[in-house]
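query-v3.cif follows (mmCIF, C-alpha atoms and all ligand atoms):
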data_data
#
loop_
_atom_site.label_atom_id
_atom_site.label_comp_id
_atom_site.auth_asym_id
_atom_site.auth_seq_id
_atom_site.Cartn_x
_atom_site.Cartn_y
_atom_site.Cartn_z
CA MET A 1 -16.09 15.79 -9.61
CA SER A 2 -12.48 14.89 -8.99
CA LEU A 3 -11.30 15.02 -5.41
CA ILE A 4 -9.17 18.01 -4.37
CA PHE A 5 -6.14 17.17 -2.26
CA ARG A 6 -5.21 19.67 0.49
CA VAL A 7 -1.62 18.96 1.48
CA GLU A 8 -0.16 19.85 4.87
CA THR A 9 3.39 19.10 5.96
CA VAL A 10 4.60 18.85 9.56
CA ALA A 11 8.15 18.30 10.79
CA GLU A 12 7.26 15.54 13.23
CA ILE A 13 4.25 13.55 14.38
CA ASP A 14 3.46 10.27 16.13
CA SER A 15 1.93 8.73 12.99
CA THR A 16 0.31 10.43 10.00
CA ASN A 17 -2.32 7.66 10.01
CA GLU A 18 -3.15 8.28 13.68
CA GLU A 19 -3.43 12.03 13.14
CA LEU A 20 -5.76 11.68 10.13
CA LYS A 21 -7.87 9.15 12.04
CA ARG A 22 -8.20 11.69 14.85
CA ARG A 23 -9.19 14.35 12.32
CA ALA A 24 -11.61 11.98 10.56
CA LEU A 25 -13.40 11.36 13.86
CA ALA A 26 -13.49 15.13 14.46
CA GLY A 27 -15.25 15.60 11.08
CA ALA A 28 -12.42 16.62 8.71
CA GLU A 29 -13.28 16.64 5.01
CA ALA A 30 -12.07 14.09 2.46
CA GLY A 31 -8.96 15.12 0.54
CA ALA A 32 -6.78 15.99 3.55
CA VAL A 33 -3.20 14.86 2.93
CA LEU A 34 -0.66 14.93 5.74
CA ARG A 35 3.08 14.45 5.28
CA ALA A 36 5.54 14.30 8.18
CA GLY A 37 9.30 14.71 8.08
CA LEU A 38 9.55 11.96 10.68
CA GLN A 39 7.20 9.80 12.76
CA THR A 40 7.85 8.90 16.38
CA ALA A 41 5.35 6.01 16.36
CA GLY A 42 5.09 4.99 12.69
CA ARG A 43 2.91 1.92 12.28
CA GLY A 44 3.10 -0.95 9.81
CA ARG A 45 0.69 -3.72 8.88
CA ARG A 46 -0.31 -6.39 11.39
CA GLY A 47 0.76 -4.40 14.46
CA ARG A 48 4.36 -3.94 13.33
CA ASN A 49 6.21 -0.66 13.70
CA TRP A 50 7.51 1.37 10.72
CA VAL A 51 10.92 2.95 11.17
CA SER A 52 10.37 6.61 10.28
CA ASP A 53 13.67 8.52 10.38
CA PRO A 54 14.00 11.73 8.31
CA GLY A 55 14.64 11.45 4.55
CA ASN A 56 11.90 9.04 3.50
CA LEU A 57 8.28 9.72 2.57
CA TYR A 58 5.64 9.34 5.30
CA MET A 59 2.18 10.47 4.28
CA SER A 60 -1.51 9.71 4.73
CA LEU A 61 -4.70 10.65 2.89
CA LEU A 62 -8.17 11.00 4.39
CA LEU A 63 -10.91 9.80 2.03
CA ARG A 64 -14.63 9.26 2.45
CA PRO A 65 -15.66 7.02 -0.47
CA VAL A 66 -19.11 5.44 -0.51
CA LYS A 67 -17.76 1.89 -0.24
CA SER A 68 -18.16 -1.16 1.97
CA PRO A 69 -15.18 -2.10 4.19
CA ALA A 70 -14.22 -4.89 1.73
CA GLU A 71 -14.36 -2.51 -1.24
CA ALA A 72 -12.45 0.14 0.70
CA ALA A 73 -9.65 -2.34 1.42
CA THR A 74 -8.94 -2.68 -2.31
CA LEU A 75 -7.68 0.91 -2.46
CA GLY A 76 -4.31 -0.34 -1.21
CA PHE A 77 -3.86 -2.17 -4.54
CA VAL A 78 -4.60 1.09 -6.36
CA VAL A 79 -1.87 2.99 -4.48
CA ALA A 80 0.54 0.15 -5.28
CA ILE A 81 -0.28 0.55 -9.00
CA ALA A 82 0.34 4.33 -8.75
CA LEU A 83 3.62 3.85 -6.91
CA GLY A 84 4.71 1.12 -9.34
CA ARG A 85 4.13 3.48 -12.29
CA LEU A 86 6.10 6.27 -10.59
CA LEU A 87 9.04 3.98 -9.79
CA ARG A 88 9.09 2.34 -13.23
CA ALA A 89 9.48 5.81 -14.78
CA VAL A 90 12.66 6.54 -12.79
CA LEU A 91 14.33 3.18 -12.15
CA PRO A 92 16.32 0.92 -14.50
CA VAL A 93 15.38 -2.28 -12.61
CA SER A 94 12.25 -4.42 -12.23
CA VAL A 95 9.35 -2.95 -10.24
CA LEU A 96 6.66 -5.46 -9.26
CA HIS A 97 3.61 -5.58 -7.01
CA LYS A 98 3.63 -8.08 -4.18
CA TRP A 99 0.36 -9.16 -2.58
CA PRO A 100 -1.29 -7.49 -0.88
CA ASN A 101 0.01 -3.91 -1.12
CA ASP A 102 3.79 -3.96 -1.42
CA VAL A 103 5.99 -2.77 -4.24
CA LEU A 104 9.25 -4.63 -4.87
CA VAL A 105 12.23 -3.06 -6.60
CA ASP A 106 14.60 -5.72 -7.88
CA GLY A 107 12.90 -8.14 -5.47
CA ARG A 108 13.20 -5.85 -2.44
CA LYS A 109 10.45 -4.04 -0.56
CA ILE A 110 10.66 -0.27 -1.04
CA SER A 111 7.35 0.87 0.44
CA GLY A 112 4.51 0.08 2.78
CA ILE A 113 0.82 0.87 2.63
CA LEU A 114 -1.44 0.85 5.68
CA LEU A 115 -5.15 1.24 5.04
CA GLU A 116 -7.56 1.79 7.91
CA SER A 117 -11.27 2.51 7.78
CA GLY A 118 -14.14 2.82 10.21
CA GLY A 119 -17.45 4.31 11.25
CA ILE A 120 -19.55 1.82 9.28
CA THR A 121 -23.11 3.01 8.70
CA GLY A 122 -25.50 1.40 6.24
CA GLY A 123 -22.74 -1.02 5.23
CA LYS A 124 -20.45 1.80 4.07
CA VAL A 125 -17.33 3.20 5.69
CA ASP A 126 -17.50 6.73 7.05
CA TRP A 127 -13.75 7.34 6.70
CA LEU A 128 -10.73 5.71 5.17
CA VAL A 129 -7.12 6.62 5.95
CA LEU A 130 -4.51 5.54 3.47
CA GLY A 131 -0.97 5.61 4.88
CA ILE A 132 2.02 5.39 2.57
CA GLY A 133 5.68 5.04 3.42
CA VAL A 134 8.31 5.06 0.67
CA ASN A 135 12.01 4.46 1.30
CA LEU A 136 13.73 7.24 -0.62
CA ARG A 137 17.17 7.54 1.01
CA HIS A 138 17.43 4.77 3.57
CA HIS A 139 15.83 1.45 4.46
CA PRO A 140 15.79 -0.73 7.58
CA ALA A 141 18.66 -3.19 7.82
CA GLU A 142 16.50 -5.81 9.48
CA SER A 143 12.98 -6.64 8.46
CA LEU A 144 10.68 -9.51 7.59
CA TYR A 145 11.51 -9.13 3.90
CA PRO A 146 14.62 -7.79 2.06
CA THR A 147 14.29 -4.02 1.65
CA THR A 148 15.78 -1.23 -0.43
CA ASP A 149 15.40 2.50 -1.08
CA LEU A 150 15.16 4.65 -4.19
CA LEU A 151 18.76 5.90 -4.06
CA ALA A 152 20.24 2.47 -3.33
CA ALA A 153 18.29 1.03 -6.28
CA GLY A 154 19.90 3.55 -8.67
CA GLY A 155 17.05 6.06 -8.70
CA PRO A 156 17.07 9.86 -8.40
CA ASN A 157 17.59 11.74 -5.13
CA LEU A 158 13.95 12.81 -4.71
CA THR A 159 12.89 14.88 -1.72
CA PRO A 160 9.87 13.55 0.18
CA ASP A 161 7.86 16.49 -1.19
CA GLN A 162 8.78 15.69 -4.79
CA ALA A 163 7.97 12.02 -4.28
CA MET A 164 4.60 12.92 -2.71
CA ASP A 165 3.66 15.21 -5.61
CA LEU A 166 4.59 12.57 -8.18
CA LEU A 167 2.65 9.92 -6.28
CA LEU A 168 -0.47 12.06 -5.93
CA ALA A 169 -0.35 12.83 -9.66
CA GLU A 170 -0.25 9.09 -10.49
CA PHE A 171 -2.88 8.26 -7.87
CA ARG A 172 -5.52 10.87 -8.73
CA PRO A 173 -6.80 9.42 -12.05
CA LEU A 174 -6.63 5.87 -10.65
CA TYR A 175 -8.68 6.97 -7.62
CA ASP A 176 -11.38 8.39 -9.91
CA ILE A 177 -11.60 5.08 -11.80
CA TRP A 178 -11.70 3.12 -8.54
CA GLU A 179 -14.38 5.36 -7.04
CA GLN A 180 -16.62 5.13 -10.11
CA GLN A 181 -15.99 1.58 -11.34
CA GLY A 182 -14.43 -0.24 -8.40
CA PHE A 183 -11.28 -2.34 -8.19
CA ALA A 184 -12.56 -4.67 -10.95
CA ALA A 185 -11.53 -1.99 -13.48
CA LEU A 186 -7.93 -1.97 -12.18
CA ARG A 187 -7.40 -5.59 -11.13
CA ASP A 188 -5.72 -6.55 -14.44
CA ASP A 189 -3.26 -3.63 -14.11
CA TRP A 190 -2.23 -4.91 -10.70
CA LEU A 191 -1.97 -8.55 -11.84
CA ALA A 192 0.06 -7.66 -14.96
CA GLN A 193 2.98 -6.49 -12.80
CA CYS A 194 2.76 -8.84 -9.84
CA THR A 195 5.37 -11.18 -8.42
CA GLY A 196 4.71 -14.85 -7.81
CA LEU A 197 1.60 -15.35 -9.94
CA GLY A 198 1.38 -19.02 -10.96
CA GLU A 199 4.27 -19.85 -8.62
CA THR A 200 4.50 -21.61 -5.28
CA VAL A 201 4.15 -19.20 -2.38
CA LEU A 202 4.24 -19.51 1.38
CA ALA A 203 1.55 -17.47 3.10
CA ARG A 204 2.21 -16.59 6.72
CA LEU A 205 -1.19 -16.03 8.34
CA GLU A 206 -2.17 -15.03 11.89
CA GLN A 207 -2.24 -18.62 13.22
CA GLU A 208 -0.66 -20.80 10.54
CA GLU A 209 1.44 -21.03 7.39
CA VAL A 210 0.04 -22.32 4.11
CA THR A 211 1.92 -23.25 0.95
CA GLY A 212 0.32 -23.40 -2.47
CA ARG A 213 0.18 -21.95 -5.97
CA PHE A 214 -0.71 -18.28 -6.28
CA ASP A 215 -3.55 -18.63 -8.80
CA ASP A 216 -5.32 -15.26 -8.82
CA ILE A 217 -6.81 -12.43 -6.83
CA ASP A 218 -10.55 -11.82 -6.89
CA ALA A 219 -12.49 -8.54 -7.13
CA ASP A 220 -12.00 -8.01 -3.36
CA GLY A 221 -8.24 -8.50 -3.63
CA THR A 222 -8.47 -11.87 -1.87
CA LEU A 223 -5.58 -14.15 -2.88
CA ILE A 224 -6.75 -17.46 -4.36
CA MET A 225 -4.30 -20.24 -3.62
CA GLY A 226 -4.35 -23.67 -5.28
CA LEU A 227 -3.49 -26.39 -2.76
CA ALA A 228 -1.79 -29.75 -3.44
CA ASP A 229 -5.10 -31.64 -2.98
CA GLY A 230 -6.71 -29.61 -5.78
CA SER A 231 -8.79 -27.42 -3.48
CA LYS A 232 -8.65 -23.63 -3.35
CA ARG A 233 -7.85 -21.56 -0.30
CA ARG A 234 -8.91 -17.91 -0.06
CA ILE A 235 -6.45 -15.69 1.80
CA THR A 236 -7.61 -12.27 2.94
CA ALA A 237 -4.70 -11.18 5.16
CA GLY A 238 -1.12 -12.28 5.62
CA ASP A 239 2.43 -12.06 4.30
CA ILE A 240 3.50 -14.07 1.29
CA PHE A 241 6.92 -15.31 0.34
CA VAL A 242 7.64 -16.54 -3.17
CA ALA A 243 9.59 -19.81 -3.27
CA ARG A 244 12.43 -19.50 -5.83
CA HIS A 245 14.56 -22.45 -7.00
C1 LIG A 301 3.65 -1.97 6.03
O1 LIG A 301 3.77 -2.58 7.10
O2 LIG A 301 4.14 -2.42 4.97
C2 LIG A 301 2.87 -0.68 5.97
C3 LIG A 301 3.69 0.49 6.44
C4 LIG A 301 2.95 1.83 6.32
C5 LIG A 301 3.79 2.99 6.79
C6 LIG A 301 3.12 4.31 6.57
S1 LIG A 301 4.22 5.68 6.83
C7 LIG A 301 2.89 6.80 6.79
C8 LIG A 301 1.71 6.14 7.51
N1 LIG A 301 1.76 6.40 8.93
C9 LIG A 301 1.98 5.30 9.65
O3 LIG A 301 2.09 5.25 10.88
N2 LIG A 301 2.09 4.23 8.82
C10 LIG A 301 1.90 4.60 7.44
#
Output the file's structure in the form of structure tokens.
Amino acid sequence: MSLIFRVETVAEIDSTNEELKRRALAGAEAGAVLRAGLQTAGRGRRGRNWVSDPGNLYMSLLLRPVKSPAEAATLGFVVAIALGRLLRAVLPVSVLHKWPNDVLVDGRKISGILLESGGITGGKVDWLVLGIGVNLRHHPAESLYPTTDLLAAGGPNLTPDQAMDLLLAEFRPLYDIWEQQGFAALRDDWLAQCTGLGETVLARLEQEEVTGRFDDIDADGTLIMGLADGSKRRITAGDIFVARH
């Protein structure tokens, strides 16, 4: 049976991810969706903060899929596909996925996805919190990567509520496919709209930087990089930058 989303909106919170993690640990059911007007401690990937002033979309979903941590991590790609579809329907410019879970509008980052899971028992996660931030009306001036927002990119003036509803509508059928068939059934959709495939990319990892050709992603979402010596390097976490001439 398809999951039922129960949406709650609050004016302000520390972080929608933190709040749903707290609720997950207190036994909340799957399907809880929390949207905040602003976050006072919004979090990004790799310990970064996420500027969360009013006007943009800040939301998280609590899910309890029967998946291993590695399988659960692939859900970020699924949200990126949903968001890409939504944005392509309303924007006149290119909308591409960027590994691992970003969406680029005209080459600029418009969103962020933060996936957290825990409570592993029998090899499966007990809970998964999927945090999504989408720049609707403003974007940070300074960041690791060039950024934009929906309005600046020539899109409609969507309220955070409207954007959330559209996103949930795109995400729901994709989630059902992912839950039943896994990421393998959606991998081609992600790859078909991704930036940098077959090109030289720089991957900034925890301890080092690696440059190579972005050859593929596997069924776990791991990036497969072809190195100059002909070997392959598997990259599970990091930031990539596409080298353009
Ligand atoms: C990234 O670094 O690209 C991921 C950013 C994720 C931000 C969203 S906003 C809603 C949810 N709550 C958080 O604290 N973070 C995520």
Please, which residues have at least one atom within 7 Å of an atom of ligand LIG 301 (chain A), using all atoms listed in the file, listed as number ranges by chain? A: 15-18, 41-45, 48, 50, 58-60, 102, 111-114, 131-133
Report the centre and edge lengths, in Å to one decimal, of an axis-aligned box enclosing every atom of segment 68-83 of chain A listed in the file, padded by 8 Å on each side, as JSON.
{"center_x": -7.3, "center_y": -0.3, "center_z": -2.4, "size_x": 37.8, "size_y": 25.2, "size_z": 29.2}
So that I can check the surroundings of Leu96 of chain A, please list as an MDAnalysis selection string every protein, DNA and RNA residue that reaches within 7 Å of it, counting all atoms listed in the file and ignoring chain neighbours fewer than 5 positions away. chainID A and resid 84 103:105 193:195
Hey, which of A:Glu208, A:Asp53, A:Asp126, A:Glu179 ends up closest to Leu3 of chain A? Count only C-alpha atoms.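 With only C-alpha atoms as the atom set, the closest residue is A:Glu179.
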Which of these residues is nearest to Arg35 of chain A, using all atoms listed in the file: A:Ile13, A:Leu86, A:Ile235, A:Leu186?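 With all atoms listed in the file as the atom set, the closest residue is A:Ile13.
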As a list in words, please: the residues near Asp220 of chain A (cut-off 8 Å, all atoms listed in the file, same-chain neighbours under 4 positions excluded). Ala70, Glu71, Ala73, Thr74 and Phe183 of chain A
Export of prior selection with C-alpha atoms as a PDB file, in the frame of the given file:
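What follows is the written file selection_32.pdb:
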ATOM      1  CA  ALA A  70     -14.220  -4.890   1.730  1.00  0.00           C
ATOM      2  CA  GLU A  71     -14.360  -2.510  -1.240  1.00  0.00           C
ATOM      3  CA  ALA A  73      -9.650  -2.340   1.420  1.00  0.00           C
ATOM      4  CA  THR A  74      -8.940  -2.680  -2.310  1.00  0.00           C
ATOM      5  CA  PHE A 183     -11.280  -2.340  -8.190  1.00  0.00           C
TER       6      PHE A 183
END
Please identify all polymer residues within 12 Å of Ala24 of chain A, counting only C-alpha atoms, omitting same-chain residues fewer than 3 positions from it, and present them as JSON, numbers by chain. {"A": [17, 18, 19, 20, 21, 27, 28, 29, 30, 31, 32, 33, 60, 61, 62, 63, 64, 116, 117, 118, 119, 125, 126, 127, 128, 129, 130]}
Å distance separating atom CA of Gly196 of chain A from atom CA of Ala219 of chain A, one decimal place: 18.3 Å
Looking at A:Leu75, A:Ala203, A:Leu83, A:Ala89, which one is nearest to Asn135 of chain A, with distances taken over only C-alpha atoms? A:Leu83
When you count only C-alpha atoms, which of these residues is closest to Asp176 of chain A: A:Ser68, A:Val78, A:Arg85, A:Pro146?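 Result for the nearest residue to Asp176 of chain A: A:Val78.
Minimum atom-to-atom distance to Glu206 of chain A, evaluated using only C-alpha atoms, belongs to A:Gly238 out of A:Gly107, A:Gly221, A:Gly154, A:Gly238.
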Using only C-alpha atoms, pick whichever of A:Gly123, A:Gly76, A:Gly230, A:Pro160 has the shortest atom-to-atom distance to Leu57 of chain A.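 Between A:Gly123, A:Gly76, A:Gly230, A:Pro160, the residue approaching Leu57 of chain A most closely is A:Pro160.
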Figure out the distance between atom CA of Thr222 of chain A and atom CA of Thr236 of chain A, please, to one decimal in Å.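 Separating atom CA of Thr236 of chain A from atom CA of Thr222 of chain A is a distance of 4.9 Å.
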What separation in Å, quoted to one decimal, exists between atom CA of Asp218 of chain A and atom CA of Thr147 of chain A?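 Atom CA of Asp218 of chain A sits 27.4 Å away from atom CA of Thr147 of chain A.
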